[in-house]
Every structure is written in C-alpha cells, then in structure tokens.
file coords_36.txt (compact mmCIF, C-alpha atoms)
# COMPACT_ATOMS: atom_id res chain seq x y z
CA MET L 1 73.32 109.03 40.97
CA LYS L 2 70.89 111.03 43.08
CA ILE L 3 72.59 111.76 46.41
CA LEU L 4 70.92 112.98 49.61
CA MET L 5 73.23 114.67 52.11
CA LEU L 6 72.11 114.97 55.73
CA VAL L 7 73.89 117.48 57.96
CA GLN L 8 72.93 119.19 61.22
CA SER L 9 75.44 122.02 60.85
CA PRO L 10 74.51 125.41 59.34
CA VAL L 11 75.08 124.51 55.69
CA ALA L 12 76.07 127.95 54.41
CA GLY L 13 79.13 127.94 56.69
CA ASP L 14 80.14 124.29 56.30
CA SER L 15 82.86 124.38 53.67
CA ARG L 16 83.43 120.60 53.82
CA VAL L 17 79.83 119.78 52.95
CA LEU L 18 79.71 122.32 50.14
CA ARG L 19 83.07 121.23 48.66
CA GLU L 20 82.00 117.59 48.68
CA ALA L 21 78.68 118.43 47.05
CA ALA L 22 80.40 120.45 44.31
CA THR L 23 82.89 117.65 43.68
CA LEU L 24 80.12 115.06 43.31
CA VAL L 25 78.22 117.30 40.89
CA GLU L 26 81.40 117.67 38.82
CA ALA L 27 81.56 113.86 38.76
CA GLY L 28 78.10 113.76 37.18
CA HIS L 29 75.84 113.21 40.20
CA GLU L 30 72.90 115.23 41.57
CA VAL L 31 73.10 116.39 45.20
CA HIS L 32 70.33 117.49 47.53
CA ILE L 33 71.28 118.70 51.03
CA VAL L 34 68.98 118.75 54.05
CA GLY L 35 70.73 120.91 56.63
CA ARG L 36 70.09 123.54 59.28
CA ASP L 37 69.84 127.33 59.41
CA VAL L 38 70.05 127.82 55.65
CA PRO L 39 69.65 131.54 54.84
CA ALA L 40 66.83 132.53 52.50
CA GLY L 41 68.04 132.58 48.92
CA PHE L 42 71.26 130.71 49.67
CA ASP L 43 72.86 129.31 46.50
CA ALA L 44 74.88 126.14 47.12
CA GLY L 45 76.18 126.07 43.55
CA PRO L 46 75.19 124.48 40.24
CA GLY L 47 73.56 121.08 40.55
CA VAL L 48 73.10 121.33 44.34
CA THR L 49 69.75 121.97 46.03
CA VAL L 50 69.28 122.71 49.72
CA GLU L 51 66.51 122.53 52.29
CA SER L 52 66.59 123.60 55.92
CA VAL L 53 65.27 121.91 59.05
CA SER L 54 65.34 123.65 62.43
CA ARG L 55 66.45 122.18 65.71
CA SER L 56 64.59 122.70 68.99
CA ARG L 57 65.03 125.84 71.09
CA GLY L 58 68.28 126.34 72.97
CA MET L 59 68.64 126.54 76.75
CA ARG L 60 69.47 130.27 76.92
CA PRO L 61 66.30 132.20 77.87
CA PRO L 62 65.07 135.09 75.68
CA GLY L 63 66.97 138.30 76.34
CA ALA L 64 69.90 136.59 78.06
CA PRO L 65 73.31 138.09 77.21
CA ALA L 66 75.58 136.25 74.79
CA GLY L 67 78.98 136.53 73.15
CA LEU L 68 82.10 138.42 74.16
CA ALA L 69 80.28 141.23 75.95
CA ALA L 70 78.28 138.95 78.23
CA SER L 71 78.83 139.54 81.94
CA SER L 72 78.87 136.80 84.53
CA ALA L 73 75.70 136.65 86.59
CA ALA L 74 76.28 136.60 90.34
CA GLY L 75 74.40 135.37 93.38
CA PRO L 76 73.16 132.02 94.64
CA ARG L 77 70.22 131.79 92.22
CA ALA L 78 72.54 132.36 89.24
CA ALA L 79 74.90 129.70 90.58
CA VAL L 80 72.01 127.24 90.84
CA ARG L 81 70.96 128.01 87.27
CA ARG L 82 74.51 127.50 85.98
CA THR L 83 74.77 124.20 87.83
CA GLY L 84 71.42 123.08 86.43
CA ARG L 85 72.49 123.93 82.89
CA TRP L 86 75.77 122.05 83.39
CA LEU L 87 73.87 118.97 84.58
CA LEU L 88 71.21 119.07 81.86
CA LEU L 89 73.35 120.03 78.87
CA PRO L 90 74.02 116.45 77.62
CA GLU L 91 70.28 115.67 77.59
CA HIS L 92 69.61 118.98 75.87
CA ARG L 93 72.10 118.17 73.08
CA ASP L 94 70.51 114.76 72.56
CA ARG L 95 67.04 116.28 72.48
CA THR L 96 67.86 119.01 69.96
CA GLU L 97 69.65 116.57 67.63
CA ARG L 98 66.78 114.08 67.86
CA HIS L 99 64.29 116.86 67.08
CA TRP L 100 66.21 117.65 63.88
CA ARG L 101 66.18 113.99 62.79
CA GLN L 102 62.45 113.72 63.40
CA ALA L 103 61.73 116.92 61.46
CA ALA L 104 64.01 115.86 58.59
CA ALA L 105 62.35 112.42 58.43
CA LYS L 106 58.95 114.11 58.18
CA LEU L 107 60.22 116.41 55.42
CA LEU L 108 61.53 113.45 53.40
CA ALA L 109 58.65 111.05 54.10
CA ASP L 110 57.00 111.23 50.67
CA ARG L 111 60.07 111.94 48.53
CA PRO L 112 61.15 109.70 45.65
CA ALA L 113 64.02 107.39 46.50
CA PHE L 114 67.63 108.57 46.37
CA ASP L 115 70.42 106.29 45.19
CA VAL L 116 72.81 107.21 48.03
CA VAL L 117 72.35 108.72 51.49
CA HIS L 118 75.45 110.61 52.67
CA ALA L 119 75.21 111.09 56.47
CA HIS L 120 77.48 113.81 57.84
CA ASP L 121 78.44 113.02 61.44
CA TYR L 122 76.88 110.72 63.99
CA ASN L 123 73.89 112.96 64.70
CA THR L 124 72.48 112.21 61.21
CA LEU L 125 73.60 108.59 60.97
CA GLU L 126 70.53 106.93 62.49
CA LEU L 127 68.23 108.74 60.06
CA GLY L 128 70.65 107.97 57.22
CA VAL L 129 70.44 104.24 57.95
CA GLN L 130 66.63 104.36 58.12
CA LEU L 131 66.34 106.16 54.78
CA ALA L 132 68.95 103.96 53.07
CA ASP L 133 67.05 100.85 54.21
CA GLN L 134 63.71 102.34 53.14
CA TRP L 135 64.98 103.19 49.66
CA SER L 136 67.42 100.26 49.26
CA ALA L 137 70.02 102.97 48.77
CA GLY L 138 73.75 103.04 49.34
CA LEU L 139 74.98 104.67 52.55
CA VAL L 140 78.11 106.78 53.09
CA TYR L 141 79.03 107.82 56.63
CA ASP L 142 81.14 111.00 56.81
CA SER L 143 82.67 111.34 60.28
CA HIS L 144 83.96 114.91 60.58
CA GLU L 145 85.10 114.23 64.16
CA LEU L 146 85.74 111.36 66.54
CA TRP L 147 82.24 111.98 67.83
CA PHE L 148 82.24 110.36 71.26
CA ASP L 149 85.76 111.55 72.08
CA ARG L 150 85.05 115.28 71.74
CA GLY L 151 85.53 117.72 74.61
CA LEU L 152 82.05 119.05 75.38
CA PRO L 153 80.67 121.40 78.02
CA GLY L 154 78.37 119.91 80.63
CA ARG L 155 78.72 117.06 83.08
CA PRO L 156 80.85 114.02 82.14
CA THR L 157 78.92 111.14 80.54
CA PRO L 158 81.35 108.18 80.37
CA VAL L 159 78.65 105.47 80.22
CA SER L 160 76.71 107.34 77.52
CA ARG L 161 79.92 107.78 75.48
CA LEU L 162 80.72 104.07 75.70
CA ARG L 163 77.23 103.16 74.54
CA GLY L 164 77.43 105.79 71.82
CA ARG L 165 80.65 104.35 70.37
CA ARG L 166 79.02 100.92 70.19
CA HIS L 167 75.87 102.32 68.58
CA GLU L 168 77.91 104.31 66.07
CA ALA L 169 79.85 101.19 65.07
CA GLN L 170 76.62 99.19 64.67
CA LEU L 171 75.02 101.84 62.46
CA ALA L 172 78.16 102.62 60.45
CA ALA L 173 78.66 98.93 59.68
CA ARG L 174 75.70 99.38 57.29
CA ALA L 175 77.70 101.93 55.25
CA ALA L 176 79.38 101.01 51.98
CA SER L 177 82.15 103.52 52.81
CA VAL L 178 83.17 105.60 55.80
CA LEU L 179 84.92 108.92 55.23
CA THR L 180 86.84 110.92 57.82
CA VAL L 181 89.24 113.85 58.07
CA SER L 182 92.56 112.43 59.30
CA GLU L 183 94.52 109.20 59.32
CA GLY L 184 94.48 109.16 63.12
CA ILE L 185 90.68 109.13 63.25
CA ALA L 186 90.58 106.64 60.38
CA GLN L 187 92.74 104.21 62.37
CA ARG L 188 90.39 104.50 65.34
CA LEU L 189 87.35 103.81 63.17
CA ARG L 190 89.05 100.84 61.51
CA GLY L 191 89.75 99.51 64.99
CA ARG L 192 85.98 99.46 65.52
CA ARG L 193 85.72 97.12 62.53
CA LEU L 194 84.09 99.64 60.23
CA PRO L 195 84.34 98.80 56.53
CA ASP L 196 86.32 100.69 53.92
CA VAL L 197 87.41 103.78 55.89
CA ARG L 198 88.92 106.46 53.65
CA VAL L 199 90.49 109.85 54.46
CA VAL L 200 89.09 112.98 52.81
CA ARG L 201 90.81 115.90 54.53
CA ASN L 202 89.37 119.38 55.06
CA THR L 203 91.59 120.86 52.38
CA PHE L 204 90.84 123.77 50.04
CA PRO L 205 90.96 123.87 46.23
CA LEU L 206 93.86 125.63 44.57
CA GLY L 207 92.35 125.83 41.07
CA ASP L 208 94.36 128.32 39.06
CA ARG L 209 95.15 130.36 42.16
CA ASP L 210 98.60 131.97 41.87
CA VAL L 211 101.14 131.62 44.66
CA PRO L 212 100.77 134.87 46.63
CA GLN L 213 103.61 137.29 47.16
CA LEU L 214 104.29 137.90 50.85
CA PRO L 215 106.43 140.52 52.60
CA ASP L 216 109.92 139.68 53.80
CA ARG L 217 108.75 139.51 57.41
CA PRO L 218 105.32 138.94 58.99
CA ALA L 219 103.30 141.84 60.36
CA GLY L 220 101.39 139.69 62.83
CA LEU L 221 99.43 136.51 63.40
CA ALA L 222 95.81 135.66 62.68
CA TYR L 223 93.30 133.18 64.06
CA ALA L 224 90.23 132.69 61.85
CA GLY L 225 87.49 130.44 63.15
CA ARG L 226 85.05 129.90 65.96
CA ILE L 227 85.71 132.04 69.03
CA GLY L 228 84.81 129.68 71.82
CA PRO L 229 86.05 127.11 74.32
CA GLY L 230 88.57 124.47 73.30
CA ARG L 231 90.32 126.77 70.82
CA ASP L 232 93.16 127.75 73.20
CA LEU L 233 92.49 131.43 72.57
CA GLU L 234 93.71 132.26 76.08
CA ALA L 235 97.18 131.22 74.92
CA VAL L 236 96.87 133.47 71.87
CA VAL L 237 95.89 136.43 74.04
CA GLY L 238 98.72 135.68 76.46
CA ALA L 239 101.25 135.55 73.61
CA ALA L 240 100.03 138.81 72.06
CA ALA L 241 101.71 140.98 74.70
CA GLN L 242 105.01 139.14 74.24
CA LEU L 243 104.90 139.54 70.47
CA LYS L 244 104.29 143.28 70.16
CA PRO L 245 104.70 145.17 67.89
CA LEU L 246 103.35 142.24 65.84
CA ARG L 247 99.56 142.44 65.54
CA THR L 248 97.34 139.65 66.85
CA VAL L 249 93.93 139.31 65.17
CA LEU L 250 91.03 136.97 65.96
CA ALA L 251 88.24 136.73 63.37
CA GLY L 252 85.10 134.62 63.56
CA PRO L 253 81.74 134.01 65.20
CA ALA L 254 81.65 134.07 69.00
CA ASP L 255 79.91 131.29 70.90
CA PRO L 256 77.02 132.53 73.07
CA GLY L 257 78.20 132.92 76.64
CA TYR L 258 81.91 132.44 75.88
CA ARG L 259 84.00 134.97 77.78
CA PHE L 260 87.66 135.83 77.58
CA ASP L 261 89.80 138.92 78.00
CA PRO L 262 90.60 140.24 74.50
CA SER L 263 93.17 142.77 75.77
CA GLY L 264 95.97 143.29 73.29
CA VAL L 265 94.24 141.56 70.36
CA GLU L 266 91.97 142.78 67.58
CA VAL L 267 88.61 140.95 67.36
CA LEU L 268 86.89 141.00 63.96
CA PRO L 269 83.52 139.58 62.82
CA PRO L 270 83.21 136.44 60.68
CA MET L 271 84.81 136.67 57.24
CA SER L 272 84.38 134.92 53.91
CA LEU L 273 87.05 132.46 52.82
CA VAL L 274 88.55 134.99 50.43
CA GLU L 275 88.63 137.64 53.16
CA VAL L 276 90.45 135.19 55.44
CA ASP L 277 92.99 134.59 52.65
CA ARG L 278 93.68 138.32 52.58
CA LEU L 279 93.91 138.56 56.36
CA TYR L 280 96.44 135.70 56.49
CA GLN L 281 98.49 137.24 53.70
CA GLU L 282 98.37 140.71 55.27
CA LEU L 283 99.68 139.48 58.65
CA GLY L 284 101.86 136.61 57.40
CA VAL L 285 101.34 133.91 60.07
CA ALA L 286 98.26 131.77 60.73
CA VAL L 287 97.71 130.13 64.12
CA VAL L 288 96.03 126.72 64.33
CA THR L 289 95.15 126.38 67.99
CA LEU L 290 93.45 123.61 69.97
CA THR L 291 93.52 122.57 73.60
CA ASP L 292 94.97 119.19 74.51
CA THR L 293 91.79 118.20 76.34
CA CYS L 294 90.29 115.33 74.33
CA LEU L 295 91.25 112.58 71.90
CA ASN L 296 89.31 114.26 69.09
CA HIS L 297 91.61 117.31 69.31
CA ARG L 298 94.71 115.12 69.33
CA LEU L 299 93.63 113.42 66.11
CA ALA L 300 92.18 116.49 64.38
CA LEU L 301 93.40 118.21 61.22
CA PRO L 302 91.45 121.50 61.33
CA ASN L 303 90.55 123.22 58.09
CA LYS L 304 92.46 126.29 59.36
CA LEU L 305 95.69 124.41 58.64
CA PHE L 306 94.79 123.81 55.01
CA HIS L 307 93.29 127.26 54.58
CA ALA L 308 96.61 128.79 55.59
CA VAL L 309 98.40 126.56 53.08
CA ARG L 310 95.96 127.61 50.36
CA ALA L 311 96.74 131.25 51.24
CA GLY L 312 100.48 130.50 51.06
CA VAL L 313 101.13 131.42 54.71
CA PRO L 314 103.22 129.56 57.33
CA VAL L 315 101.49 128.29 60.46
CA VAL L 316 102.05 128.02 64.18
CA ALA L 317 100.07 124.97 65.28
CA ALA L 318 99.29 123.15 68.50
CA ASN L 319 101.71 120.28 69.13
CA LEU L 320 99.12 117.51 68.85
CA PRO L 321 99.80 114.22 67.01
CA GLU L 322 98.12 114.77 63.64
CA LEU L 323 99.08 118.45 63.40
CA HIS L 324 102.62 117.56 64.49
CA SER L 325 102.88 115.01 61.68
CA VAL L 326 101.77 117.34 58.88
CA VAL L 327 103.57 120.50 60.01
CA LEU L 328 106.92 118.79 60.48
CA ARG L 329 106.64 116.54 57.44
CA TYR L 330 106.20 119.51 55.11
CA GLY L 331 108.13 122.11 57.16
CA ILE L 332 105.27 124.61 56.87
CA GLY L 333 105.68 126.19 60.30
CA ARG L 334 106.40 125.61 63.96
CA LEU L 335 104.61 123.91 66.87
CA TYR L 336 103.73 125.20 70.34
CA GLN L 337 102.60 123.46 73.53
CA PRO L 338 98.84 123.90 73.95
CA GLY L 339 97.94 126.17 76.87
CA ASN L 340 101.41 127.76 76.97
CA ALA L 341 101.41 131.39 75.81
CA SER L 342 105.21 131.67 76.01
CA SER L 343 105.60 128.57 73.84
CA LEU L 344 103.25 130.07 71.26
CA ALA L 345 105.15 133.37 71.27
CA THR L 346 108.46 131.52 70.85
CA ALA L 347 107.07 129.55 67.88
CA VAL L 348 105.83 132.73 66.17
CA SER L 349 109.23 134.37 66.68
CA ALA L 350 110.94 131.29 65.20
CA VAL L 351 108.76 131.45 62.10
CA ALA L 352 109.47 135.17 61.74
CA ALA L 353 113.23 134.60 62.06
CA ASP L 354 113.24 132.01 59.27
CA TYR L 355 110.31 133.41 57.34
CA ALA L 356 111.53 133.07 53.75
CA ASP L 357 112.30 129.35 54.17
CA HIS L 358 108.91 128.67 55.77
CA VAL L 359 107.10 130.51 52.97
CA GLU L 360 108.99 128.46 50.39
CA ALA L 361 108.07 125.24 52.22
CA VAL L 362 104.40 126.21 52.13
CA ARG L 363 104.61 126.88 48.41
CA SER L 364 106.15 123.45 47.82
CA ALA L 365 103.52 121.72 49.97
CA ARG L 366 100.45 123.37 48.44
CA PRO L 367 99.75 120.73 45.74
CA ALA L 368 99.93 117.84 48.23
CA LEU L 369 97.73 119.63 50.79
CA ALA L 370 95.01 120.77 48.38
CA TRP L 371 91.41 119.70 47.77
CA GLU L 372 92.33 118.41 44.32
CA GLN L 373 93.95 115.42 46.09
CA ASP L 374 91.04 114.75 48.43
CA ALA L 375 88.41 115.32 45.74
CA ARG L 376 89.95 112.41 43.87
CA VAL L 377 89.41 110.12 46.89
CA LEU L 378 85.79 111.26 47.20
CA ALA L 379 85.05 110.80 43.50
CA GLU L 380 86.66 107.34 43.51
CA THR L 381 84.57 106.37 46.54
CA TYR L 382 81.38 107.20 44.66
CA ALA L 383 82.62 105.55 41.46
CA ASP L 384 83.17 102.34 43.44
CA LEU L 385 79.71 102.67 45.00
CA GLU L 386 78.08 103.23 41.61
CA ALA L 387 79.88 100.24 40.12
CA ALA L 388 78.77 98.06 43.03
call {"tool": "encode", "arguments": {"input": "coords_36.txt", "output": "structure tokens"}}
result
Amino acid sequence: MKILMLVQSPVAGDSRVLREAATLVEAGHEVHIVGRDVPAGFDAGPGVTVESVSRSRGMRPPGAPAGLAASSAAGPRAAVRRTGRWLLLPEHRDRTERHWRQAAAKLLADRPAFDVVHAHDYNTLELGVQLADQWSAGLVYDSHELWFDRGLPGRPTPVSRLRGRRHEAQLAARAASVLTVSEGIAQRLRGRRLPDVRVVRNTFPLGDRDVPQLPDRPAGLAYAGRIGPGRDLEAVVGAAAQLKPLRTVLAGPADPGYRFDPSGVEVLPPMSLVEVDRLYQELGVAVVTLTDTCLNHRLALPNKLFHAVRAGVPVVAANLPELHSVVLRYGIGRLYQPGNASSLATAVSAVAADYADHVEAVRSARPALAWEQDARVLAETYADLEAA
C-alpha cells in the first residue's frame, strides 16, 4: 500500500517515525512522510520519501538569548513580557500547529490518493481525517503521548483540555487502528471508546548487535535526551555531588530559554544513537528521568529506557507507574522518587553495588524489550488493514 505519514516533529530526530517507516517498507509498502524541519539532503532510508512543511514563527524575538547560557531579564517591563508570554502560550501553540496543517494540506492538495494516512499525534489528526475521507483511505492514529494530559508551560487550560479530549475521541473514532506507546495510555484511550488500540513501544532494534562487554563497576551515569523542563534534571544535578567520583553526563539539545545550574555535571551536545550507545557503555548507568507532574509522565515509557536496554546498560528510572512496571518486572535497574536528588543518588549506588546482576538482567531482557517485538505488532496492524 501507499502510506502517507503526517508528523509535526522534526523528522530527522524522530526515531519512532523513522523506525515505523522502515518497518512498513520491509513489509512491502511505500511510505511518504510530510514532517517539519527536514534538513536538506536528509535520507530517511530505502523506500521512504520525505517532505518538509514549516510552522509559523515562534514567540521569542530575533536576537533574544536562548539555551543554557541565557540570563534572566530583570525589571518590570521584562516581568510584564514574561507574564504576557505565559498567558498567550496556549494560543500560540494552537496557532503554530494549525499553520502546519494548513501548509501541509496545501502541499498535498493535488497529489494522487494514498491508501492509508498515518497521523502521528493529535496535532496531525484533523488533517489526517480530512485526507482519509477525501481519498477514501484507511486511517491509523499514532498517539505518541496522552496529548491533553501533558505538562505544558503557559497558563492552565482545563476547559480547552476537556474539549480537546472529546474532539480527539471523535476524530480517532474514524481510525481503523490506534497505536500508542504504553499499556497505560492504551487503557486510557480504550476508555474513550476508541477502536482497536494497540501498543507499539518506543523500542530499538537489536538486529545482529552483540551483547556489549561492560566493566565490573560503572564509571558514572548518563542522561541522553532533551535538556528542558519536565525532565527532572535538577534532581540529576543534585545527585551528582553525592555520587562523586562517579561522573554525571547530560547530552542532548537544550530547549530555548531553559535554565538550570549545571555545576558538577558534564553537558555535551546532541549525539547520534550510536554515540549514545557508546556513552551509556562508557559510564555504565543510564538515567530515565521525568517529573511526576502530569498523567502523561505517569503513563510514559520513554525511548531512553529502551535505548539503555539496547546498549546493555542498567537504568535508574523515575518511580512512575509504567516505568515501575517494566523496571521491576525485568530487574533491569532501580527506581528513584522524582524530584528527590538523594533518592536518585541512593538508586545509582544500589545499582553500582549489585552491578553484575543488573547487567545480566538487562542482557536477559533485551529480546523482550526490542523493536523486533513491536515491529511485529505494527506489521500485523497494516496486514489487517490491507486485508480489510
């Protein structure tokens, strides 16, 4: 079948979208992705084509500071500006996402029909439904997050969230299948009477990758991912001083305007997946951190968890329901209380004290926590859709 994927994330860095596209090509389908911020010359892999659509301009004015080095503006005018941004941020998000949908619809207006439209996340779902109806195509809704239960900056919008959940359920009811990343989120979506909800986790392929050899004891701990709010990085920094001489390394892109004190930790730029493998294996412990501030975090299974398993490295993970279930079921690490630096340091020390057993548990769990399992669910979903 000819499959159109819609995604508002930067495609080159979205490993879930690219893994799913590659899996569907291996199953005999053709995949075209319309995404955002695709670098010139980007190669998504054999059988996958990509186009890019921009979103509208952000709220940060030209020349404004961003990232870790940004300093806090002072004075009454700056306070008024910050308050205004906080109040307007929800409308800004809606506007930028709507702009992308309008631009993508214009791009696709005269295209031949696709057999399936695969809408990644709620912010592409409305366009996905329109195109599926226009082409009499199948629709797959891929919910990477529990969209209206995320923790977002800006003023609270309880009425908008309630309406959004209802609208999401109405649109997703058109889908032949709904995919999501954890059983906890799947149960929530089933409770909204969505049809045929299946779990395709954010795992990583093992292929013929050998089980890595690790040292007898860890040299440190590594966080690899977005450096921004909601990631509980303050707890990581607080634990770093308690864990010396173990190294603490943070690697990843920094959100514009996010500020924290990186004292006692090493901050590295974004890395490729293979480079993250090496970083995990060099230090020996991967941290999977989230704040306990929203339902989406409580039900999340971040790809960092599965990346660490692919690398063969034990984890220290936030004690949230879905992470709790996987970490304890397979014995692949220890849990800490989100927001508690001492709890995180204690968990790292516990992993280090029983390191050989944790490494062996990760090795045993790798086949069950690999993309080969989830790829089978995805391929079967499309086989059922094709048969129907």
call {"tool": "residues_around", "arguments": {"input": "coords_36.txt", "residues": "range 347-356 of chain L", "least_positions_apart": "3", "cutoff": "10 Å", "atoms": "all atoms listed in the file", "output": "VMD selection string"}}
result
chain L and resid 214 to 221 239 242 to 243 246 284 to 287 313 to 317 332 to 337 341 to 344 359 to 361
call {"tool": "closest_residue", "arguments": {"input": "coords_36.txt", "among": "L:Glu20, L:Leu125, L:Asn296, L:Val117", "to": "Glu372 in chain L", "atoms": "all atoms listed in the file"}}
result
L:Glu20
call {"tool": "closest_residue", "arguments": {"input": "coords_36.txt", "among": "L:Ser54, L:Thr180, L:Thr23, L:Gln134", "to": "His99 in chain L", "atoms": "all atoms listed in the file"}}
result
L:Ser54
call {"tool": "residues_around", "arguments": {"input": "coords_36.txt", "residues": "Thr203 in chain L", "least_positions_apart": "5", "cutoff": "6 Å", "atoms": "all atoms listed in the file", "output": "ChimeraX atom specification"}}
result
/L:306,370-371
call {"tool": "write_last_selection", "arguments": {"input": "coords_36.txt", "atoms": "C-alpha atoms", "output": "compact mmCIF listing (two decimals), keeping the file's coordinate frame"}}
result
# COMPACT_ATOMS: atom_id res chain seq x y z
CA PHE L 306 94.79 123.81 55.01
CA ALA L 370 95.01 120.77 48.38
CA TRP L 371 91.41 119.70 47.77
call {"tool": "residues_near_point", "arguments": {"input": "coords_36.txt", "point": "(69.0, 120.1, 56.8)", "cutoff": "12 Å", "atoms": "all atoms listed in the file", "output": "number ranges by chain"}}
result
L: 4-12, 14, 17, 32-39, 49-55, 97, 99-108, 119-120, 123-124, 127
call {"tool": "closest_residue", "arguments": {"input": "coords_36.txt", "among": "L:Glu380, L:Glu126, L:Asp357, L:Asp261", "to": "Arg174 in chain L", "atoms": "only C-alpha atoms"}}
result
L:Glu126
call {"tool": "closest_residue", "arguments": {"input": "coords_36.txt", "among": "L:Ala241, L:Pro158, L:Leu206, L:Gly257", "to": "Gln373 in chain L", "atoms": "all atoms listed in the file"}}
result
L:Leu206
call {"tool": "residues_around", "arguments": {"input": "coords_36.txt", "residues": "Lys304 in chain L", "least_positions_apart": "6", "cutoff": "8 Å", "atoms": "all atoms listed in the file", "output": "list in words"}}
result
Ala224, Gly225 and Val288 of chain L
call {"tool": "closest_residue", "arguments": {"input": "coords_36.txt", "among": "L:Leu162, L:Met271, L:Ile3, L:Val197", "to": "Ala175 in chain L", "atoms": "all atoms listed in the file"}}
result
L:Val197
call {"tool": "atom_distance", "arguments": {"input": "coords_36.txt", "atom1": "CA of Asn340 in chain L", "atom2": "CA of His324 in chain L"}}
result
16.2 Å
call {"tool": "closest_residue", "arguments": {"input": "coords_36.txt", "among": "L:Val309, L:Gly252, L:Tyr122, L:Ala113", "to": "Arg98 in chain L", "atoms": "only C-alpha atoms"}}
result
L:Tyr122
call {"tool": "atom_distance", "arguments": {"input": "coords_36.txt", "atom1": "CA of Gly164 in chain L", "atom2": "CA of Asp133 in chain L"}}
result
21.0 Å
call {"tool": "atom_distance", "arguments": {"input": "coords_36.txt", "atom1": "CA of Leu152 in chain L", "atom2": "CA of His297 in chain L"}}
result
11.5 Å
call {"tool": "residues_around", "arguments": {"input": "coords_36.txt", "residues": "Pro46 in chain L", "least_positions_apart": "4", "cutoff": "10 Å", "atoms": "all atoms listed in the file", "output": "list of chain:residue names"}}
result
L:Ala21, L:Ala22, L:Val25, L:Glu26, L:Glu30, L:Val31
call {"tool": "axis_aligned_box", "arguments": {"input": "coords_36.txt", "around": "range 325-342 of chain L", "padding_each_side": "5 Å", "output": "AutoDock Vina command-line options"}}
result
--center_x 103.0 --center_y 123.3 --center_z 66.0 --size_x 20.2 --size_y 26.7 --size_z 31.9
call {"tool": "residues_around", "arguments": {"input": "coords_36.txt", "residues": "Val200 in chain L", "least_positions_apart": "4", "cutoff": "7 Å", "atoms": "all atoms listed in the file", "output": "ChimeraX atom specification"}}
result
/L:179-181,374,377-378
call {"tool": "residues_near_point", "arguments": {"input": "coords_36.txt", "point": "(97.0, 112.4, 63.4)", "cutoff": "7 Å", "atoms": "all atoms listed in the file", "output": "MDAnalysis selection string"}}
result
chainID L and resid 182:184 298:300 321:323 325
call {"tool": "decode", "arguments": {"input": "coords_36.txt", "residues": "range 251-294 of chain L", "atoms": "C-alpha atoms", "output": "PDB file, in the first residue's frame"}}
result
ATOM      1  CA  ALA L 251      23.827  15.006  26.429  1.00  0.00           C
ATOM      2  CA  GLY L 252      21.198  16.479  24.144  1.00  0.00           C
ATOM      3  CA  PRO L 253      19.603  19.585  22.669  1.00  0.00           C
ATOM      4  CA  ALA L 254      18.740  22.384  25.094  1.00  0.00           C
ATOM      5  CA  ASP L 255      15.314  23.999  24.973  1.00  0.00           C
ATOM      6  CA  PRO L 256      15.446  27.745  24.237  1.00  0.00           C
ATOM      7  CA  GLY L 257      15.185  29.685  27.471  1.00  0.00           C
ATOM      8  CA  TYR L 258      15.590  26.663  29.771  1.00  0.00           C
ATOM      9  CA  ARG L 259      17.938  27.470  32.640  1.00  0.00           C
ATOM     10  CA  PHE L 260      19.478  25.282  35.291  1.00  0.00           C
ATOM     11  CA  ASP L 261      22.718  25.163  37.231  1.00  0.00           C
ATOM     12  CA  PRO L 262      24.961  22.549  35.565  1.00  0.00           C
ATOM     13  CA  SER L 263      27.543  22.612  38.383  1.00  0.00           C
ATOM     14  CA  GLY L 264      29.143  19.218  38.886  1.00  0.00           C
ATOM     15  CA  VAL L 265      27.876  17.695  35.625  1.00  0.00           C
ATOM     16  CA  GLU L 266      29.279  17.496  32.113  1.00  0.00           C
ATOM     17  CA  VAL L 267      26.968  18.895  29.401  1.00  0.00           C
ATOM     18  CA  LEU L 268      27.509  17.557  25.875  1.00  0.00           C
ATOM     19  CA  PRO L 269      25.807  18.431  22.560  1.00  0.00           C
ATOM     20  CA  PRO L 270      23.262  16.149  20.864  1.00  0.00           C
ATOM     21  CA  MET L 271      24.600  12.741  19.819  1.00  0.00           C
ATOM     22  CA  SER L 272      23.641  10.101  17.282  1.00  0.00           C
ATOM     23  CA  LEU L 273      22.047   6.903  18.544  1.00  0.00           C
ATOM     24  CA  VAL L 274      25.310   5.004  18.151  1.00  0.00           C
ATOM     25  CA  GLU L 275      27.203   7.711  20.049  1.00  0.00           C
ATOM     26  CA  VAL L 276      24.657   7.465  22.871  1.00  0.00           C
ATOM     27  CA  ASP L 277      25.216   3.685  22.953  1.00  0.00           C
ATOM     28  CA  ARG L 278      28.914   4.323  23.493  1.00  0.00           C
ATOM     29  CA  LEU L 279      28.286   6.960  26.157  1.00  0.00           C
ATOM     30  CA  TYR L 280      25.998   4.603  28.094  1.00  0.00           C
ATOM     31  CA  GLN L 281      28.511   1.777  27.846  1.00  0.00           C
ATOM     32  CA  GLU L 282      31.419   4.017  28.849  1.00  0.00           C
ATOM     33  CA  LEU L 283      29.681   5.251  32.023  1.00  0.00           C
ATOM     34  CA  GLY L 284      27.644   2.117  32.808  1.00  0.00           C
ATOM     35  CA  VAL L 285      24.336   3.548  34.116  1.00  0.00           C
ATOM     36  CA  ALA L 286      21.570   5.317  32.177  1.00  0.00           C
ATOM     37  CA  VAL L 287      19.101   7.602  33.958  1.00  0.00           C
ATOM     38  CA  VAL L 288      15.491   7.782  32.762  1.00  0.00           C
ATOM     39  CA  THR L 289      14.137  10.855  34.492  1.00  0.00           C
ATOM     40  CA  LEU L 290      10.703  12.513  34.452  1.00  0.00           C
ATOM     41  CA  THR L 291       8.865  14.761  36.865  1.00  0.00           C
ATOM     42  CA  ASP L 292       5.685  13.483  38.497  1.00  0.00           C
ATOM     43  CA  THR L 293       3.723  16.492  37.279  1.00  0.00           C
ATOM     44  CA  CYS L 294       1.191  15.132  34.779  1.00  0.00           C
TER      45      CYS L 294
END
